[in-house]
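K.L.:
Dropping in run-v1.pdb, which is PDB, C-alpha atoms:
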ATOM      1  CA  MET A1159     -11.122  -8.282   9.504  1.00  0.00           C
ATOM      2  CA  PRO A1160      -9.545  -7.004   6.258  1.00  0.00           C
ATOM      3  CA  ILE A1161     -11.177  -3.982   4.635  1.00  0.00           C
ATOM      4  CA  LEU A1162      -9.417  -3.988   1.255  1.00  0.00           C
ATOM      5  CA  LYS A1163     -10.877  -5.681  -1.792  1.00  0.00           C
ATOM      6  CA  GLU A1164      -8.884  -7.592  -4.405  1.00  0.00           C
ATOM      7  CA  THR A1165     -10.119  -5.180  -7.061  1.00  0.00           C
ATOM      8  CA  ASP A1166      -8.954  -2.042  -5.181  1.00  0.00           C
ATOM      9  CA  ASP A1167      -6.331   0.073  -6.916  1.00  0.00           C
ATOM     10  CA  ASN A1168      -3.835   2.261  -5.040  1.00  0.00           C
ATOM     11  CA  LYS A1169      -6.284   5.141  -4.732  1.00  0.00           C
ATOM     12  CA  ALA A1170      -9.030   2.939  -3.272  1.00  0.00           C
ATOM     13  CA  CYS A1171      -6.564   1.262  -0.896  1.00  0.00           C
ATOM     14  CA  ILE A1172      -5.286   4.606   0.364  1.00  0.00           C
ATOM     15  CA  SER A1173      -8.843   5.808   0.890  1.00  0.00           C
ATOM     16  CA  ARG A1174      -9.852   2.699   2.840  1.00  0.00           C
ATOM     17  CA  LEU A1175      -6.661   2.379   4.886  1.00  0.00           C
ATOM     18  CA  CYS A1176      -6.354   6.037   5.852  1.00  0.00           C
ATOM     19  CA  GLN A1177      -9.859   6.601   7.164  1.00  0.00           C
ATOM     20  CA  SER A1178      -9.626  10.323   6.271  1.00  0.00           C
ATOM     21  CA  ASN A1179      -6.388  10.851   8.242  1.00  0.00           C
ATOM     22  CA  PRO A1180      -4.373  13.403   6.190  1.00  0.00           C
ATOM     23  CA  GLY A1181      -1.016  12.326   7.633  1.00  0.00           C
ATOM     24  CA  CYS A1182      -1.765   8.727   6.715  1.00  0.00           C
ATOM     25  CA  ILE A1183      -2.722   9.779   3.190  1.00  0.00           C
ATOM     26  CA  ARG A1184       0.560  11.655   2.849  1.00  0.00           C
ATOM     27  CA  SER A1185       2.576   8.651   4.043  1.00  0.00           C
ATOM     28  CA  LEU A1186       0.911   6.170   1.676  1.00  0.00           C
ATOM     29  CA  VAL A1187       1.130   8.500  -1.323  1.00  0.00           C
ATOM     30  CA  GLU A1188       4.843   8.841  -0.544  1.00  0.00           C
ATOM     31  CA  LEU A1189       5.080   5.067  -0.335  1.00  0.00           C
ATOM     32  CA  VAL A1190       3.684   4.744  -3.882  1.00  0.00           C
ATOM     33  CA  GLU A1191       6.023   7.480  -5.136  1.00  0.00           C
ATOM     34  CA  CYS A1192       9.017   5.870  -3.398  1.00  0.00           C
ATOM     35  CA  TYR A1193       9.111   3.007  -5.865  1.00  0.00           C
ATOM     36  CA  GLY A1194       9.309   5.367  -8.854  1.00  0.00           C
ATOM     37  CA  PRO A1195      10.387   4.111 -12.276  1.00  0.00           C
ATOM     38  CA  VAL A1196      12.704   1.382 -10.954  1.00  0.00           C
ATOM     39  CA  HIS A1197       9.895  -0.839  -9.648  1.00  0.00           C
ATOM     40  CA  ASN A1198       6.263  -1.218 -10.556  1.00  0.00           C
ATOM     41  CA  PRO A1199       4.818   1.123  -7.916  1.00  0.00           C
ATOM     42  CA  HIS A1200       1.316  -0.269  -8.256  1.00  0.00           C
ATOM     43  CA  ILE A1201       2.308  -3.853  -7.517  1.00  0.00           C
ATOM     44  CA  GLU A1202       4.834  -3.014  -4.795  1.00  0.00           C
ATOM     45  CA  ALA A1203       2.550  -0.558  -2.987  1.00  0.00           C
ATOM     46  CA  LEU A1204      -0.508  -2.802  -3.249  1.00  0.00           C
ATOM     47  CA  GLY A1205       1.412  -5.612  -1.578  1.00  0.00           C
ATOM     48  CA  LEU A1206       2.366  -3.371   1.332  1.00  0.00           C
ATOM     49  CA  PHE A1207      -1.181  -1.996   1.565  1.00  0.00           C
ATOM     50  CA  HIS A1208      -2.513  -5.535   1.869  1.00  0.00           C
ATOM     51  CA  LEU A1209       0.039  -6.309   4.588  1.00  0.00           C
ATOM     52  CA  LEU A1210      -1.124  -3.267   6.571  1.00  0.00           C
ATOM     53  CA  ASP A1211      -4.697  -4.490   6.126  1.00  0.00           C
ATOM     54  CA  GLU A1212      -3.725  -8.011   7.205  1.00  0.00           C
ATOM     55  CA  PHE A1213      -2.055  -6.521  10.296  1.00  0.00           C
ATOM     56  CA  GLU A1214      -5.182  -4.376  10.903  1.00  0.00           C
ATOM     57  CA  ILE A1215      -3.138  -1.177  11.009  1.00  0.00           C
ATOM     58  CA  TYR A1216      -5.182   1.797   9.782  1.00  0.00           C
ATOM     59  CA  GLY A1217      -5.491   5.602   9.799  1.00  0.00           C
ATOM     60  CA  THR A1218      -3.819   7.205  12.785  1.00  0.00           C
ATOM     61  CA  GLU A1219      -1.807   4.065  13.497  1.00  0.00           C
ATOM     62  CA  ILE A1220      -0.203   4.223  10.035  1.00  0.00           C
ATOM     63  CA  TYR A1221       0.535   7.900  10.585  1.00  0.00           C
ATOM     64  CA  ILE A1222       2.131   7.238  13.989  1.00  0.00           C
ATOM     65  CA  LEU A1223       4.357   4.516  12.541  1.00  0.00           C
ATOM     66  CA  TRP A1224       5.483   6.680   9.620  1.00  0.00           C
ATOM     67  CA  ASN A1225       5.725  10.023  11.421  1.00  0.00           C
ATOM     68  CA  ASP A1226       6.636   9.238  15.033  1.00  0.00           C
ATOM     69  CA  LYS A1227       8.420   5.902  14.786  1.00  0.00           C
ATOM     70  CA  CYS A1228      10.157   6.276  11.420  1.00  0.00           C
ATOM     71  CA  ASN A1229      10.604  10.083  11.453  1.00  0.00           C
ATOM     72  CA  GLN A1230       8.844  10.319   8.071  1.00  0.00           C
ATOM     73  CA  ASP A1231      11.507   8.091   6.514  1.00  0.00           C
ATOM     74  CA  ILE A1232       9.517   6.021   4.031  1.00  0.00           C
ATOM     75  CA  GLU A1233      12.288   3.441   3.676  1.00  0.00           C
ATOM     76  CA  LYS A1234      12.212   2.777   7.433  1.00  0.00           C
ATOM     77  CA  PHE A1235       8.422   2.569   7.273  1.00  0.00           C
ATOM     78  CA  ILE A1236       8.567  -0.010   4.468  1.00  0.00           C
ATOM     79  CA  LEU A1237      11.267  -1.884   6.373  1.00  0.00           C
ATOM     80  CA  LEU A1238       9.049  -2.009   9.452  1.00  0.00           C
ATOM     81  CA  ILE A1239       6.159  -3.466   7.440  1.00  0.00           C
ATOM     82  CA  ARG A1240       8.408  -6.050   5.781  1.00  0.00           C
ATOM     83  CA  ALA A1241      10.051  -6.932   9.122  1.00  0.00           C
ATOM     84  CA  THR A1242       6.615  -7.670  10.530  1.00  0.00           C
ATOM     85  CA  GLN A1243       5.768  -9.762   7.466  1.00  0.00           C
ATOM     86  CA  PHE A1244       8.786 -11.973   8.262  1.00  0.00           C
ATOM     87  CA  ASN A1245       8.128 -11.885  12.040  1.00  0.00           C
ATOM     88  CA  ILE A1246      11.411 -10.085  12.690  1.00  0.00           C
ATOM     89  CA  VAL A1247       9.241  -7.507  14.419  1.00  0.00           C
ATOM     90  CA  THR A1248       6.262  -9.198  16.001  1.00  0.00           C
ATOM     91  CA  LEU A1249       2.778  -8.009  15.144  1.00  0.00           C
ATOM     92  CA  LYS A1250       2.251  -7.371  18.847  1.00  0.00           C
ATOM     93  CA  ASN A1251       5.237  -5.000  18.905  1.00  0.00           C
ATOM     94  CA  LEU A1252       4.153  -3.281  15.684  1.00  0.00           C
ATOM     95  CA  LYS A1253       0.718  -2.645  17.170  1.00  0.00           C
ATOM     96  CA  ARG A1254       2.314  -1.396  20.384  1.00  0.00           C
ATOM     97  CA  MET A1255       4.405   1.052  18.368  1.00  0.00           C
ATOM     98  CA  ALA A1256       1.371   2.150  16.342  1.00  0.00           C
ATOM     99  CA  GLU A1257      -0.514   3.007  19.519  1.00  0.00           C
ATOM    100  CA  ASP A1258       2.421   4.773  21.216  1.00  0.00           C
ATOM    101  CA  GLN A1259       2.325   8.384  20.113  1.00  0.00           C
ATOM    102  CA  ARG A1260       4.393   9.404  23.142  1.00  0.00           C
ATOM    103  CA  ARG A1261       7.444   7.719  21.618  1.00  0.00           C
ATOM    104  CA  GLN A1262       8.061   5.422  24.554  1.00  0.00           C
ATOM    105  CA  PHE A1263       8.588   2.448  22.248  1.00  0.00           C
ATOM    106  CA  ASN A1264      11.017   3.286  19.447  1.00  0.00           C
ATOM    107  CA  PHE A1265      13.762   1.723  17.386  1.00  0.00           C
ATOM    108  CA  THR A1266      17.123   3.448  17.118  1.00  0.00           C
ATOM    109  CA  ASP A1267      18.969   3.860  13.813  1.00  0.00           C
ATOM    110  CA  LYS A1268      21.179   0.967  14.912  1.00  0.00           C
ATOM    111  CA  ASP A1269      18.066  -1.180  15.478  1.00  0.00           C
ATOM    112  CA  PHE A1270      16.830  -0.311  11.981  1.00  0.00           C
ATOM    113  CA  GLU A1271      20.189  -1.351  10.504  1.00  0.00           C
ATOM    114  CA  LEU A1272      19.970  -4.735  12.231  1.00  0.00           C
ATOM    115  CA  ILE A1273      16.369  -5.154  11.077  1.00  0.00           C
ATOM    116  CA  LYS A1274      17.392  -4.200   7.530  1.00  0.00           C
ATOM    117  CA  ASP A1275      20.023  -6.971   7.499  1.00  0.00           C
ATOM    118  CA  GLN A1276      17.491  -9.507   8.777  1.00  0.00           C
ATOM    119  CA  VAL A1277      14.879  -8.517   6.185  1.00  0.00           C
ATOM    120  CA  LYS A1278      17.508  -8.702   3.450  1.00  0.00           C
ATOM    121  CA  ASP A1279      18.400 -12.239   4.609  1.00  0.00           C
ATOM    122  CA  ALA A1280      14.717 -13.216   4.684  1.00  0.00           C
ATOM    123  CA  LEU A1281      14.252 -12.012   1.097  1.00  0.00           C
ATOM    124  CA  GLU A1282      17.150 -14.100  -0.206  1.00  0.00           C
TER     125      GLU A1282
END
What would you get if you wrote out this structure as structure tokens?
P.N.:
Amino acid sequence: MPILKETDDNKACISRLCQSNPGCIRSLVELVECYGPVHNPHIEALGLFHLLDEFEIYGTEIYILWNDKCNQDIEKFILLIRATQFNIVTLKNLKRMAEDQRRQFNFTDKDFELIKDQVKDALE
């Protein structure tokens, strides 16, 4: 069941999604900063926050995806969220990755390149 409210700003979303996990907080703050002056970081980040909420990925799971699965590469992390949005990566597999801190279920750089092409096609 979603925990975010429509009226939540980035700060409130980060607080709710991270459940006091400092690594999660760091990853989502970086996500907001990633968009910088080129995009509207509030709109872009809020959309991704609501996808994480829809997927029921929170706290430690977000941290594992960003840190262990994406090697703290925020672009890969965003790509993984978007790939799940378009069912390029199934929600089941995303959840499996989020629960796998031992790194038994990972994507290679080549996998991420293929996923990137598929997401790009889905956005067009």
K.L.:
Take the PyMOL selection byres ((chain A and resi 1162) around 10), apply it to the structure above, and return the hits as a list in words.
P.N.:
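That selection, the PyMOL selection byres ((chain A and resi 1162) around 10), comes back as Met1159, Pro1160, Ile1161, Lys1163, Glu1164, Thr1165, Asp1166, Asp1167, Ala1170, Cys1171, Ile1172, Ser1173, Arg1174, Leu1175, Phe1207, His1208, Leu1210, Asp1211 and Glu1212 of chain A.
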K.L.:
Pick from A:Asp1231, A:Asp1267, A:Asn1179, A:Thr1242: nearest to Leu1206 of chain A, with only C-alpha atoms counted?
P.N.:
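So, comparing all the options, the nearest one is A:Thr1242.
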K.L.:
Around the point (-7.8, 11.5, 6.4), in the coordinates given by the file, pick out the residues reaching within 12 Å, counting only C-alpha atoms, and return them as an MDAnalysis selection string.
P.N.:
chainID A and resid 1172:1186 1216:1221
K.L.:
Between atom CA of Leu1281 of chain A and atom CA of Trp1224 of chain A, what is the spacing in Å?
P.N.:
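According to the coordinates, atom CA of Trp1224 of chain A and atom CA of Leu1281 of chain A are separated by 22.3 Å.
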K.L.:
Provide an axis-aligned box for all listed atoms of segment 1243-1247 of chain A, padding each side by 4 Å; report its centre and its edge lengths in Å to one decimal, as lines of an AutoDock Vina configuration file.
P.N.:
center_x = 8.6
center_y = -9.7
center_z = 10.9
size_x = 13.6
size_y = 12.5
size_z = 15.0
K.L.:
What does the structure give for the distance between atom CA of Asn1225 of chain A and atom CA of Val1190 of chain A, in Å to one decimal?
P.N.:
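Calculated distance between atom CA of Asn1225 of chain A and atom CA of Val1190 of chain A is 16.3 Å.
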